[in-house]
Amino acid sequence: MEESLRKRLEFICEFCKVKSTIINGNLRMIDKTNLTYLEPHRIIINGITFLAFNYSNEIFIENLNNKIKLSELENYLKNI
């Protein structure tokens, strides 16, 4: 995980007084093909899994269909 993304996430969680668990994503290769898949970083906060990619200003909630801007994560955490 990119260091600046990790620091931003840790700062937001510390500000909101919540504990987070960060699981780094990986580059996955699909067997017997030449395809690769970029697995997103997973951030677990209060039982909710957030997905993040390096160099992105968006964070996804539970799946890749629900997204918010990283700057809106603080408000989202305060409302849950």
# chains A, B, ... in the order shown; residues from 1 in each chain; ligands from 1
call {"tool": "residues_around", "arguments": {"residues": "Pro40 (chain A)", "least_positions_apart": "3", "cutoff": "8 Å", "atoms": "only C-alpha atoms", "output": "list in words"}}
result
Asn24, Gly25, Asn26, Leu51, Ala52 and Phe53 of chain A
call {"tool": "select_by_dssp", "arguments": {"residues": "region 6-77 of chain A", "states": "alpha helix (DSSP H)", "output": "list of chain:residue names"}}
result
A:Arg6, A:Lys7, A:Arg8, A:Leu9, A:Glu10, A:Phe11, A:Ile12, A:Cys13, A:Glu14, A:Phe15, A:Leu73, A:Glu74, A:Asn75, A:Tyr76, A:Leu77
call {"tool": "closest_residue", "arguments": {"among": "A:Ile45, A:Glu39, A:Tyr55, A:Asn65", "to": "Cys16 (chain A)", "atoms": "only C-alpha atoms"}}
result
A:Ile45
call {"tool": "residues_around", "arguments": {"residues": "Glu62 (chain A)", "least_positions_apart": "2", "cutoff": "12 Å", "atoms": "only C-alpha atoms", "output": "count of residues only"}}
result
19
call {"tool": "closest_residue", "arguments": {"among": "A:Leu73, A:Met29, A:Ile23, A:Leu38", "to": "Arg8 (chain A)", "atoms": "only C-alpha atoms"}}
result
A:Leu73
call {"tool": "select_by_dssp", "arguments": {"residues": "chain A", "states": "strand (DSSP E or B)", "output": "PyMOL selection string"}}
result
chain A and resi 20-23+27-29+36-38+41-45+48-52+58-61+67-69
call {"tool": "closest_residue", "arguments": {"among": "A:Leu27, A:Ile61, A:Ile80, A:Ile22", "to": "Asn46 (chain A)", "atoms": "only C-alpha atoms"}}
result
A:Ile80
call {"tool": "residues_around", "arguments": {"residues": "Ser56 (chain A)", "least_positions_apart": "4", "cutoff": "10 Å", "atoms": "only C-alpha atoms", "output": "number ranges by chain"}}
result
A: 5, 52, 69-70
call {"tool": "closest_residue", "arguments": {"among": "A:Glu74, A:Glu2, A:Glu58, A:Asp31", "to": "Phe15 (chain A)", "atoms": "only C-alpha atoms"}}
result
A:Glu74
call {"tool": "closest_residue", "arguments": {"among": "A:Leu77, A:Asn54, A:Ser71, A:Asn63", "to": "Glu14 (chain A)", "atoms": "only C-alpha atoms"}}
result
A:Leu77
call {"tool": "residues_around", "arguments": {"residues": "Lys17 (chain A)", "least_positions_apart": "5", "cutoff": "10 Å", "atoms": "only C-alpha atoms", "output": "list in words"}}
result
Phe11, Ile12, Leu77 and Lys78 of chain A
call {"tool": "write_last_selection", "arguments": {"atoms": "C-alpha atoms", "output": "PDB file, in the first residue's frame"}}
result
ATOM      1  CA  PHE A  11      -5.322   9.845  10.278  1.00  0.00           C
ATOM      2  CA  ILE A  12      -9.041   9.712   9.417  1.00  0.00           C
ATOM      3  CA  LEU A  77     -17.729   7.034   9.635  1.00  0.00           C
ATOM      4  CA  LYS A  78     -19.355   9.595  11.911  1.00  0.00           C
TER       5      LYS A  78
END
call {"tool": "atom_distance", "arguments": {"atom1": "CA of Leu35 (chain A)", "atom2": "CA of Arg6 (chain A)"}}
result
27.7 Å
call {"tool": "atom_distance", "arguments": {"atom1": "CA of Cys13 (chain A)", "atom2": "CA of Tyr76 (chain A)"}}
result
11.2 Å
